[in-house]
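Okay, final06.cif is below, mmCIF, C-alpha atoms and all ligand atoms:
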```cif
data_upload
#
loop_
_atom_site.label_atom_id
_atom_site.label_comp_id
_atom_site.auth_asym_id
_atom_site.auth_seq_id
_atom_site.Cartn_x
_atom_site.Cartn_y
_atom_site.Cartn_z
CA MET A 1 24.14 -48.36 -107.17
CA VAL A 2 20.49 -47.66 -107.83
CA PRO A 3 18.06 -50.45 -106.99
CA GLU A 4 16.10 -51.29 -110.15
CA LEU A 5 12.95 -53.30 -110.88
CA PRO A 6 14.12 -56.69 -109.51
CA GLU A 7 15.40 -55.28 -106.21
CA MET A 8 12.34 -53.10 -105.69
CA GLN A 9 9.87 -55.81 -106.70
CA ALA A 10 11.35 -58.35 -104.30
CA LEU A 11 11.55 -55.72 -101.54
CA SER A 12 7.87 -54.83 -102.06
CA GLU A 13 6.97 -58.52 -101.69
CA ARG A 14 8.92 -58.82 -98.42
CA LEU A 15 7.36 -55.63 -97.04
CA ASP A 16 3.89 -56.78 -98.07
CA THR A 17 4.36 -59.99 -96.10
CA LEU A 18 5.69 -58.06 -93.13
CA LEU A 19 3.20 -55.18 -92.97
CA ALA A 20 -0.07 -55.87 -94.81
CA GLY A 21 -3.04 -55.44 -92.50
CA ALA A 22 -1.20 -53.24 -90.00
CA PRO A 23 -2.55 -49.83 -89.03
CA PHE A 24 -0.15 -46.97 -89.75
CA VAL A 25 0.98 -45.14 -86.64
CA ARG A 26 3.12 -42.23 -87.88
CA ALA A 27 6.08 -41.09 -89.90
CA GLU A 28 9.04 -39.87 -87.89
CA VAL A 29 10.68 -37.47 -90.32
CA LEU A 30 14.43 -37.03 -89.94
CA GLN A 31 15.11 -35.29 -93.24
CA PHE A 32 12.39 -32.82 -94.12
CA SER A 33 13.43 -32.35 -97.76
CA SER A 34 12.57 -36.03 -98.35
CA VAL A 35 8.81 -35.34 -98.10
CA LYS A 36 7.68 -34.47 -101.62
CA THR A 37 4.06 -33.62 -100.83
CA PHE A 38 2.42 -31.46 -98.13
CA ASP A 39 -1.27 -32.22 -98.77
CA PRO A 40 -2.53 -34.63 -97.58
CA PRO A 41 -0.14 -34.63 -94.62
CA PRO A 42 1.41 -37.92 -93.42
CA GLU A 43 -0.71 -37.65 -90.25
CA SER A 44 -3.81 -38.22 -92.38
CA LEU A 45 -2.73 -41.85 -92.76
CA SER A 46 -2.71 -42.48 -88.99
CA GLU A 47 -4.85 -45.45 -87.97
CA LEU A 48 -5.52 -46.39 -91.61
CA GLU A 49 -4.89 -50.04 -92.34
CA LEU A 50 -2.23 -50.89 -94.89
CA VAL A 51 -3.93 -52.96 -97.57
CA GLY A 52 -0.65 -54.01 -99.16
CA VAL A 53 2.73 -53.00 -100.52
CA GLY A 54 3.35 -53.11 -104.26
CA ARG A 55 5.73 -51.66 -106.81
CA ARG A 56 5.48 -49.43 -109.86
CA ALA A 57 8.72 -48.68 -111.74
CA LYS A 58 11.29 -48.09 -108.98
CA TYR A 59 8.66 -46.85 -106.50
CA LEU A 60 7.32 -48.78 -103.53
CA VAL A 61 3.56 -48.23 -103.33
CA PHE A 62 1.92 -48.45 -99.89
CA ASP A 63 -1.80 -48.85 -100.52
CA PHE A 64 -4.18 -47.61 -97.83
CA GLY A 65 -7.34 -48.42 -99.77
CA GLY A 66 -7.58 -45.02 -101.45
CA PRO A 67 -4.73 -42.89 -100.16
CA ARG A 68 -1.28 -44.14 -101.05
CA MET A 69 2.25 -43.52 -99.91
CA LEU A 70 5.14 -43.81 -102.37
CA LEU A 71 8.80 -44.34 -101.55
CA HIS A 72 11.63 -43.90 -104.06
CA LEU A 73 15.10 -44.89 -102.89
CA SER A 74 16.98 -43.14 -105.71
CA GLN A 75 20.74 -43.76 -105.66
CA GLY A 76 21.72 -44.26 -102.04
CA GLY A 77 18.43 -44.75 -100.24
CA ARG A 78 18.07 -48.04 -98.39
CA VAL A 79 15.50 -49.65 -96.10
CA THR A 80 16.25 -51.20 -92.73
CA ILE A 81 13.69 -53.22 -90.83
CA GLU A 82 13.73 -52.42 -87.12
CA ASP A 83 12.25 -55.09 -84.90
CA PRO A 84 11.60 -53.64 -82.38
CA PRO A 85 11.53 -50.03 -83.67
CA LYS A 86 14.45 -47.86 -82.54
CA LYS A 87 14.59 -44.25 -81.44
CA THR A 88 17.97 -43.37 -82.94
CA ARG A 89 18.38 -40.30 -85.13
CA PRO A 90 21.52 -40.86 -87.22
CA LYS A 91 22.62 -38.25 -89.78
CA THR A 92 21.88 -40.71 -92.59
CA GLY A 93 18.26 -41.14 -91.45
CA VAL A 94 15.48 -40.04 -93.83
CA VAL A 95 12.22 -41.24 -92.32
CA ARG A 96 11.06 -43.92 -89.90
CA LEU A 97 7.63 -45.42 -90.70
CA LEU A 98 5.91 -46.84 -87.64
CA TRP A 99 3.10 -49.41 -87.65
CA ARG A 100 1.05 -50.85 -84.82
CA ASP A 101 2.45 -54.16 -83.52
CA ARG A 102 4.85 -54.50 -86.47
CA PRO A 103 8.52 -53.71 -87.11
CA ALA A 104 9.37 -50.17 -88.26
CA LEU A 105 10.77 -49.29 -91.67
CA PHE A 106 13.76 -47.02 -91.37
CA VAL A 107 14.80 -45.31 -94.60
CA VAL A 108 18.45 -44.26 -94.61
CA GLU A 109 20.48 -42.39 -97.21
CA TYR A 110 24.04 -43.30 -98.20
CA GLY A 111 24.18 -41.12 -101.31
CA THR A 112 24.99 -37.44 -101.51
CA GLN A 113 23.52 -36.43 -104.87
CA ARG A 114 20.19 -38.02 -105.63
CA LYS A 115 18.10 -38.39 -102.54
CA ALA A 116 15.46 -40.80 -101.41
CA GLY A 117 11.98 -39.27 -101.37
CA TRP A 118 8.43 -40.14 -100.33
CA TRP A 119 4.96 -38.93 -101.24
CA VAL A 120 1.51 -39.08 -99.63
CA LEU A 121 -1.18 -39.17 -102.34
CA ALA A 122 -4.90 -38.51 -102.03
CA PRO A 123 -7.24 -41.12 -103.57
CA GLY A 124 -7.07 -40.94 -107.38
CA ASP A 125 -3.86 -38.86 -107.41
CA ASP A 126 -1.06 -40.64 -109.27
CA GLY A 127 1.60 -38.08 -108.38
CA PRO A 128 4.92 -39.02 -110.00
CA LEU A 129 3.45 -42.31 -111.26
CA ALA A 130 1.37 -40.40 -113.84
CA VAL A 131 4.30 -39.85 -116.21
CA LEU A 132 5.62 -43.43 -116.17
CA GLY A 133 5.68 -45.66 -119.23
CA PRO A 134 4.58 -49.30 -119.26
CA GLU A 135 6.30 -52.01 -117.21
CA PRO A 136 8.77 -54.24 -119.11
CA PHE A 137 6.29 -57.14 -119.08
CA ASP A 138 3.30 -55.09 -120.34
CA SER A 139 2.03 -55.68 -123.87
CA GLY A 140 2.37 -51.96 -124.65
CA PHE A 141 6.09 -52.20 -124.15
CA GLU A 142 6.34 -55.40 -126.15
CA GLU A 143 4.66 -53.60 -129.04
CA LEU A 144 7.10 -50.70 -128.81
CA ILE A 145 10.13 -52.99 -129.01
CA LEU A 146 8.76 -55.24 -131.77
CA SER A 147 7.31 -52.58 -134.05
CA GLY A 148 8.13 -49.10 -132.68
CA SER A 149 10.07 -46.54 -134.71
CA ASP A 150 11.89 -44.92 -131.78
CA GLY A 151 15.15 -43.57 -133.22
CA ARG A 152 16.96 -43.22 -129.91
CA ARG A 153 19.76 -45.45 -128.77
CA ILE A 154 18.45 -48.52 -126.99
CA HIS A 155 20.48 -47.77 -123.86
CA THR A 156 18.84 -44.33 -123.63
CA LEU A 157 15.37 -45.69 -124.34
CA LEU A 158 15.60 -48.45 -121.72
CA ARG A 159 16.57 -45.99 -118.99
CA ASP A 160 13.83 -43.48 -119.86
CA GLN A 161 11.13 -44.12 -117.24
CA ARG A 162 8.49 -42.52 -119.51
CA THR A 163 9.23 -45.18 -122.15
CA VAL A 164 9.58 -48.22 -119.91
CA ALA A 165 9.45 -48.17 -116.13
CA GLY A 166 11.89 -49.86 -113.76
CA ILE A 167 15.12 -50.35 -115.74
CA GLY A 168 18.30 -48.36 -115.01
CA ARG A 169 21.93 -48.28 -116.10
CA GLY A 170 22.89 -51.60 -114.60
CA TYR A 171 20.36 -53.89 -116.21
CA SER A 172 20.55 -51.86 -119.47
CA ASP A 173 24.22 -52.89 -119.81
CA ASP A 174 23.39 -56.51 -119.07
CA ILE A 175 20.38 -56.56 -121.44
CA LEU A 176 22.42 -55.24 -124.37
CA HIS A 177 25.16 -57.75 -123.66
CA ARG A 178 22.61 -60.57 -123.51
CA ALA A 179 21.05 -59.44 -126.80
CA GLN A 180 24.53 -58.96 -128.36
CA LEU A 181 23.65 -55.44 -129.42
CA SER A 182 25.82 -52.33 -129.45
CA PRO A 183 24.96 -49.84 -126.69
CA TYR A 184 24.92 -47.24 -129.48
CA ALA A 185 22.41 -49.13 -131.66
CA SER A 186 19.06 -47.42 -132.16
CA LEU A 187 15.80 -49.33 -131.93
CA SER A 188 14.65 -48.21 -135.40
CA SER A 189 17.80 -49.70 -136.96
CA LEU A 190 17.00 -53.24 -135.74
CA ASP A 191 15.43 -55.92 -137.93
CA ASP A 192 12.65 -58.19 -136.63
CA GLY A 193 15.04 -60.88 -135.41
CA ALA A 194 17.16 -58.42 -133.41
CA ARG A 195 14.04 -56.84 -131.91
CA ARG A 196 12.77 -60.23 -130.74
CA LYS A 197 16.22 -61.01 -129.32
CA LEU A 198 16.21 -57.67 -127.47
CA LEU A 199 12.76 -58.28 -125.98
CA ASP A 200 13.76 -61.79 -124.88
CA ALA A 201 16.96 -60.40 -123.33
CA ILE A 202 14.98 -57.76 -121.39
CA HIS A 203 12.64 -60.38 -119.98
CA GLU A 204 15.33 -62.96 -119.22
CA VAL A 205 17.71 -60.55 -117.50
CA LEU A 206 14.93 -59.11 -115.31
CA GLU A 207 13.40 -62.51 -114.51
CA GLU A 208 16.74 -64.03 -113.53
CA ALA A 209 17.58 -61.01 -111.39
CA LEU A 210 14.16 -61.15 -109.71
CA ALA A 211 14.57 -64.84 -108.94
CA LYS A 212 17.91 -64.03 -107.27
CA GLU A 213 16.45 -61.07 -105.37
CA ARG A 214 13.64 -63.22 -104.01
CA ARG A 215 16.26 -65.11 -102.01
CA ARG A 216 17.21 -61.93 -100.17
CA THR A 217 15.74 -61.43 -96.68
CA GLY A 218 15.06 -58.34 -94.57
CA GLY A 219 15.23 -54.80 -95.96
CA LEU A 220 17.56 -53.49 -98.65
CA GLU A 221 21.01 -52.80 -97.26
CA ALA A 222 23.81 -50.50 -98.48
CA LYS A 223 25.64 -53.16 -100.48
CA LEU A 224 23.40 -54.81 -103.05
CA GLY A 225 25.97 -57.44 -103.96
CA ASP A 226 27.17 -58.82 -107.30
CA ARG A 227 24.01 -58.38 -109.30
CA PHE A 228 25.33 -57.82 -112.80
CA THR A 229 26.88 -59.87 -115.58
CA VAL A 230 28.83 -57.04 -117.25
CA HIS A 231 27.76 -53.76 -115.64
CA GLY A 232 30.55 -52.40 -113.42
CA ARG A 233 32.90 -55.16 -114.59
CA PHE A 234 35.18 -53.18 -116.91
CA GLY A 235 38.46 -55.04 -117.53
CA GLN A 236 37.10 -58.42 -116.42
CA PRO A 237 36.64 -61.24 -118.95
CA CYS A 238 33.36 -61.34 -120.88
CA PRO A 239 31.31 -64.22 -119.47
CA ARG A 240 30.42 -65.30 -123.02
CA CYS A 241 33.70 -65.06 -124.98
CA GLY A 242 36.43 -64.29 -122.44
CA GLU A 243 37.59 -61.03 -124.06
CA LYS A 244 38.22 -58.12 -121.67
CA LEU A 245 35.12 -55.99 -121.18
CA LYS A 246 35.37 -52.41 -122.47
CA ARG A 247 33.84 -49.22 -121.13
CA VAL A 248 32.71 -45.99 -122.71
CA SER A 249 31.59 -42.76 -121.12
CA TYR A 250 28.12 -41.80 -122.27
CA GLU A 251 25.70 -39.10 -121.04
CA GLY A 252 27.80 -38.64 -117.92
CA TYR A 253 28.20 -42.24 -116.85
CA GLU A 254 29.94 -45.43 -117.85
CA ILE A 255 28.61 -48.16 -120.14
CA VAL A 256 30.35 -51.54 -120.03
CA TYR A 257 30.20 -53.78 -123.12
CA CYS A 258 32.05 -56.54 -124.91
CA ALA A 259 33.46 -55.40 -128.26
CA ALA A 260 33.72 -58.98 -129.56
CA CYS A 261 30.12 -59.88 -128.70
CA GLN A 262 28.35 -56.56 -129.25
CA THR A 263 30.10 -54.25 -131.73
CA ASP A 264 31.93 -56.56 -134.20
CA GLY A 265 35.17 -55.71 -132.44
CA LYS A 266 34.72 -51.94 -132.80
CA ILE A 267 35.78 -49.79 -129.86
CA LEU A 268 33.10 -47.20 -129.15
CA ALA A 269 34.28 -43.59 -129.19
CA ASP A 270 34.24 -41.85 -125.85
CA ARG A 271 32.32 -38.74 -126.79
CA ARG A 272 33.35 -36.76 -123.75
CA LEU A 273 37.01 -37.52 -124.39
CA SER A 274 36.89 -36.73 -128.11
CA ARG A 275 35.33 -33.37 -127.31
CA LEU A 276 38.19 -32.60 -124.93
CA ILE A 277 40.78 -33.53 -127.55
CA ARG A 278 39.16 -31.36 -130.20
ZN ZN A 301 32.16 -61.30 -125.27
#
```

Please rewrite the model in this file as C-alpha cells.
Ligand SMILES: [Zn+2]
Amino acid sequence: MVPELPEMQALSERLDTLLAGAPFVRAEVLQFSSVKTFDPPPESLSELELVGVGRRAKYLVFDFGGPRMLLHLSQGGRVTIEDPPKKTRPKTGVVRLLWRDRPALFVVEYGTQRKAGWWVLAPGDDGPLAVLGPEPFDSGFEELILSGSDGRRIHTLLRDQRTVAGIGRGYSDDILHRAQLSPYASLSSLDDGARRKLLDAIHEVLEEALAKERRRTGGLEAKLGDRFTVHGRFGQPCPRCGEKLKRVSYEGYEIVYCAACQTDGKILADRRLSRLIR
C-alpha cells in the first residue's frame, strides 16, 4: 500500500515537530541504490540546521535553508523513529538519518518492486519536484476540474502526478465512489454539477483522511491500517447502499467500485480478461 497525500502530510508534520532546528549529522546508507543524486553529496549537509520538514506530492521535503533533501517512500518504504538511534543493519534497511541530540529516522523497505529513494538537492534545484502538477487544494487544480477539457478517465488523471500531486490508487477509488462517478468516466464528459461534485469529493476524502492520519503517532509503520472506504474492499457491502462492491482490472491493477452507486448497475468490462478471451 502506497502512502498518499494524507499519510505523507501528517508524517511531515510529526517529523517537523521532532526534528526542526536540529543540525544534521550524517546519512548512514544501507542500500546504495536508494540515493538518487551524487552531487551535492549527503556529507555536504553535515552540521547544517534543519529548518523544517514539509511535503510536496508524496515526497517529504527536508529544508536546510537552501539545500534540500527529499524522501519518497514509494510502495513499501516506511519510516521508523529510533530514540535512541540504533546501529543495526537489517536487510530491509535503506538509510538511517542521524541528527544531533534528536532521534534518528530509519527508512526501511518492505516492498520488492518499487523502492524508496532519497535526493540531496542544491539550492534552487527542484529535482523530481519540477515535473509535479498542482496540489489538490491549489486553485490551478480546481480550475482544471471545473473547466478543463482533459479527455482522460478521471481515475487515470487523478493518479497522474504531473496533473495533480499526491493522490494514488487508493484515494482515487474512494473519491470516485464519494462522487458517484464511474471509474471509466472521462473528465470532459462531465457536466458542471458532476465536476463540482468531483471536486468536493476530492477535498472531502483527503481532508477526512488527513484528520484521521493526524491522530497517528511516531513514524509510518508497515501496516497503514484501514484507511479506505471502498479501495481494497472488493466483495464487501458498499457503505452507501449495501450492494457488494465490484472490482475491475485496469492498467495493471485493481479498481474497486459500486455498480449501483457509480455505473447505473453496469459491470465494467475487465479489459485484460477480454483480451485474453479474444
Ligand atoms: Zn453503493

* Asked: How many Å lie between atom CA of A:Val107 and atom CA of A:Thr80, rounded to one decimal?
  ->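 Between atom CA of A:Val107 and atom CA of A:Thr80 the gap works out to 6.3 Å.
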
* Contacts of ligand ZN 301 (chain A), 7 Å or closer, all atoms listed in the file, given as a list in words ->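 My answer, listing the contacting residues, is Cys238, Pro239, Arg240, Cys241, Gly242, Glu243, Cys258, Ala259, Ala260 and Cys261 of chain A.
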
* To do: Could you please determine the separation between atom CA of A:Ser34 and atom CA of A:Trp119 in Å, to one decimal place?
  =>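 Those two atoms sit 8.6 Å apart.
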
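The space separating atom CA of A:Asp63 from atom CA of A:Gln161 comes to 21.7 Å.
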
* To do: Would you please work out which residue, of A:Leu97, A:Leu121, A:Ala10, A:Ala57, is nearest to A:Val25 when using all atoms listed in the file?
  =>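 Ranking A:Leu97, A:Leu121, A:Ala10, A:Ala57 by distance to A:Val25, first place goes to A:Leu97.
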
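Each of A:Thr88, A:Ser189, A:Ser44, A:Gln113 was compared to A:Gln75 using only C-alpha atoms, and A:Gln113 turns out to be the nearest.
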
* Pick from A:Val35, A:Leu15, A:Leu5, A:Leu45: nearest to A:Thr217, with all atoms listed in the file counted? -> A:Leu15

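Nearest to A:Gln31 of all the residues A:Thr229, A:Thr92, A:Ser249, A:Gln180 is A:Thr92, based on only C-alpha atoms.
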
* Leaving out A:Gly225 and any residue of its chain fewer than 5 positions from it, which residues lie within 12 Å of it when counting all atoms listed in the file, given as a PyMOL selection string? -> chain A and resi 1-3+7+209+212-213+216+220+232

* Asked: Looking at A:Arg56, A:Arg227, A:Arg214, A:Lys36, which one is nearest to A:Glu135, with distances taken over all atoms listed in the file?
  ->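 Using all atoms listed in the file, A:Glu135 sits closest to A:Arg56.
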
* **Selection near stretch 266-269 of chain A, 12 Å with only C-alpha atoms, sequence-local residues under 3 positions removed, as a PyMOL selection string** => chain A and resi 182-185+244-250+254-263+272-275

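Distance annotation: of A:Glu204, A:Gly65, A:Tyr59, A:Asp191, the residue with the minimal separation from A:Glu4 is A:Tyr59; atom set is only C-alpha atoms.
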
* List the neighbours of A:Gly151 out to 12 Å using all atoms listed in the file; skip same-chain residues closer than 5 positions along the sequence, and give me the result as a list of chain:residue names. => A:Leu144, A:Ile145, A:Thr156, A:Leu157, A:Tyr184, A:Ala185, A:Ser186, A:Leu187, A:Ser188, A:Ser189, A:Leu190

* Could you pull out every residue with an atom within 7 Å of (-0.2, -52.1, -92.6), file coordinates, counting all atoms listed in the file, and send them as a count of residues only? => 11

* Please determine the residues with any atom at most 10 Å from (6.7, -56.7, -125.3) (coordinates as given in the file, with all atoms listed in the file counting) and report them as a list in words. =>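 In the file's frame, the residues around the point are Pro134, Glu135, Pro136, Phe137, Asp138, Ser139, Gly140, Phe141, Glu142, Glu143, Leu144, Ile145, Leu146, Ser147, Arg195, Arg196, Leu198, Leu199, Asp200, Ile202 and His203 of chain A.
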
Those residues you just picked out, can you put them in a file as a JSON list (two decimals), in the coordinates of the input with C-alpha atoms?
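Once written, again_19.json looks like this:
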```json
[["chain", "number", "residue", "atom", "x", "y", "z"],
["A", 134, "PRO", "CA", 4.58, -49.30, -119.26],
["A", 135, "GLU", "CA", 6.30, -52.01, -117.21],
["A", 136, "PRO", "CA", 8.77, -54.24, -119.11],
["A", 137, "PHE", "CA", 6.29, -57.14, -119.08],
["A", 138, "ASP", "CA", 3.30, -55.09, -120.34],
["A", 139, "SER", "CA", 2.03, -55.68, -123.87],
["A", 140, "GLY", "CA", 2.37, -51.96, -124.65],
["A", 141, "PHE", "CA", 6.09, -52.20, -124.15],
["A", 142, "GLU", "CA", 6.34, -55.40, -126.15],
["A", 143, "GLU", "CA", 4.66, -53.60, -129.04],
["A", 144, "LEU", "CA", 7.10, -50.70, -128.81],
["A", 145, "ILE", "CA", 10.13, -52.99, -129.01],
["A", 146, "LEU", "CA", 8.76, -55.24, -131.77],
["A", 147, "SER", "CA", 7.31, -52.58, -134.05],
["A", 195, "ARG", "CA", 14.04, -56.84, -131.91],
["A", 196, "ARG", "CA", 12.77, -60.23, -130.74],
["A", 198, "LEU", "CA", 16.21, -57.67, -127.47],
["A", 199, "LEU", "CA", 12.76, -58.28, -125.98],
["A", 200, "ASP", "CA", 13.76, -61.79, -124.88],
["A", 202, "ILE", "CA", 14.98, -57.76, -121.39],
["A", 203, "HIS", "CA", 12.64, -60.38, -119.98]]
```

To test the calculation: enclose all listed atoms of stretch 206-213 of chain A in a box whose edges run along x, y and z, add 4 Å on each side, then state centre and edge lengths in Å to one decimal, as AutoDock Vina command-line options.
```
--center_x 15.7 --center_y -62.0 --center_z -110.3 --size_x 12.5 --size_y 13.7 --size_z 17.9
```

Spatial neighbours of stretch 81-84 of chain A, max dist 9 Å, only C-alpha atoms, sep filter under 3 positions, as a PDB file with C-alpha atoms, in the frame of the given file:
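Everything below was put into result34.pdb:
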```
ATOM      1  CA  ARG A 102       4.850 -54.500 -86.470  1.00  0.00           C
ATOM      2  CA  PRO A 103       8.520 -53.710 -87.110  1.00  0.00           C
ATOM      3  CA  ALA A 104       9.370 -50.170 -88.260  1.00  0.00           C
ATOM      4  CA  LEU A 105      10.770 -49.290 -91.670  1.00  0.00           C
ATOM      5  CA  PHE A 106      13.760 -47.020 -91.370  1.00  0.00           C
ATOM      6  CA  VAL A 107      14.800 -45.310 -94.600  1.00  0.00           C
ATOM      7  CA  GLY A 218      15.060 -58.340 -94.570  1.00  0.00           C
ATOM      8  CA  GLY A 219      15.230 -54.800 -95.960  1.00  0.00           C
ATOM      9  CA  LEU A 220      17.560 -53.490 -98.650  1.00  0.00           C
TER      10      LEU A 220
END
```

With N, CA, C and O atoms as the goal, would you fill in the gaps in stretch 133-154 of chain A and present it as a tab-separated table (two decimals), in the coordinates of the input?
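rebuild-v7.tsv written:
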```tsv
chain	number	residue	atom	x	y	z
A	133	GLY	N	6.03	-44.79	-118.12
A	133	GLY	CA	5.68	-45.66	-119.23
A	133	GLY	C	5.26	-47.03	-118.73
A	133	GLY	O	5.17	-47.26	-117.52
A	134	PRO	N	4.99	-47.96	-119.66
A	134	PRO	CA	4.58	-49.30	-119.26
A	134	PRO	C	5.70	-50.06	-118.54
A	134	PRO	O	6.87	-49.69	-118.64
A	135	GLU	N	5.33	-51.10	-117.82
A	135	GLU	CA	6.30	-52.01	-117.21
A	135	GLU	C	6.90	-52.90	-118.30
A	135	GLU	O	6.26	-53.14	-119.34
A	136	PRO	N	8.11	-53.43	-118.07
A	136	PRO	CA	8.77	-54.24	-119.11
A	136	PRO	C	7.98	-55.48	-119.55
A	136	PRO	O	8.21	-56.00	-120.63
A	137	PHE	N	7.04	-55.95	-118.71
A	137	PHE	CA	6.29	-57.14	-119.08
A	137	PHE	C	4.89	-56.80	-119.62
A	137	PHE	O	4.10	-57.70	-119.90
A	138	ASP	N	4.60	-55.50	-119.78
A	138	ASP	CA	3.30	-55.09	-120.34
A	138	ASP	C	3.31	-55.24	-121.86
A	138	ASP	O	4.34	-55.07	-122.51
A	139	SER	N	2.12	-55.49	-122.41
A	139	SER	CA	2.03	-55.68	-123.87
A	139	SER	C	2.36	-54.39	-124.61
A	139	SER	O	2.89	-54.42	-125.73
A	140	GLY	N	2.06	-53.24	-124.01
A	140	GLY	CA	2.37	-51.96	-124.65
A	140	GLY	C	3.85	-51.80	-124.91
A	140	GLY	O	4.27	-51.26	-125.95
A	141	PHE	N	4.65	-52.29	-123.98
A	141	PHE	CA	6.09	-52.20	-124.15
A	141	PHE	C	6.59	-53.20	-125.19
A	141	PHE	O	7.47	-52.91	-126.00
A	142	GLU	N	5.99	-54.37	-125.17
A	142	GLU	CA	6.34	-55.40	-126.15
A	142	GLU	C	6.13	-54.87	-127.57
A	142	GLU	O	6.97	-55.01	-128.45
A	143	GLU	N	5.00	-54.20	-127.74
A	143	GLU	CA	4.66	-53.60	-129.04
A	143	GLU	C	5.72	-52.58	-129.47
A	143	GLU	O	6.15	-52.56	-130.61
A	144	LEU	N	6.12	-51.75	-128.51
A	144	LEU	CA	7.10	-50.70	-128.81
A	144	LEU	C	8.41	-51.32	-129.30
A	144	LEU	O	9.00	-50.87	-130.27
A	145	ILE	N	8.86	-52.37	-128.63
A	145	ILE	CA	10.13	-52.99	-129.01
A	145	ILE	C	9.99	-53.72	-130.36
A	145	ILE	O	10.86	-53.62	-131.22
A	146	LEU	N	8.88	-54.42	-130.56
A	146	LEU	CA	8.76	-55.24	-131.77
A	146	LEU	C	8.42	-54.43	-133.01
A	146	LEU	O	8.76	-54.81	-134.12
A	147	SER	N	7.72	-53.30	-132.84
A	147	SER	CA	7.31	-52.58	-134.05
A	147	SER	C	7.44	-51.06	-133.94
A	147	SER	O	7.04	-50.35	-134.86
A	148	GLY	N	8.01	-50.56	-132.84
A	148	GLY	CA	8.13	-49.10	-132.68
A	148	GLY	C	9.21	-48.52	-133.58
A	148	GLY	O	10.10	-49.22	-134.04
A	149	SER	N	9.10	-47.19	-133.83
A	149	SER	CA	10.07	-46.54	-134.71
A	149	SER	C	10.95	-45.56	-133.94
A	149	SER	O	11.46	-44.61	-134.50
A	150	ASP	N	11.08	-45.79	-132.64
A	150	ASP	CA	11.89	-44.92	-131.78
A	150	ASP	C	13.32	-44.89	-132.31
A	150	ASP	O	13.97	-45.92	-132.45
A	151	GLY	N	13.82	-43.70	-132.63
A	151	GLY	CA	15.15	-43.57	-133.22
A	151	GLY	C	16.27	-43.42	-132.21
A	151	GLY	O	17.43	-43.31	-132.57
A	152	ARG	N	15.91	-43.41	-130.92
A	152	ARG	CA	16.96	-43.22	-129.91
A	152	ARG	C	17.79	-44.48	-129.71
A	152	ARG	O	17.37	-45.58	-130.06
A	153	ARG	N	18.94	-44.29	-129.12
A	153	ARG	CA	19.76	-45.45	-128.77
A	153	ARG	C	19.03	-46.29	-127.74
A	153	ARG	O	18.36	-45.76	-126.85
A	154	ILE	N	19.19	-47.62	-127.87
A	154	ILE	CA	18.45	-48.52	-126.99
A	154	ILE	C	18.79	-48.28	-125.52
A	154	ILE	O	17.93	-48.29	-124.65
```
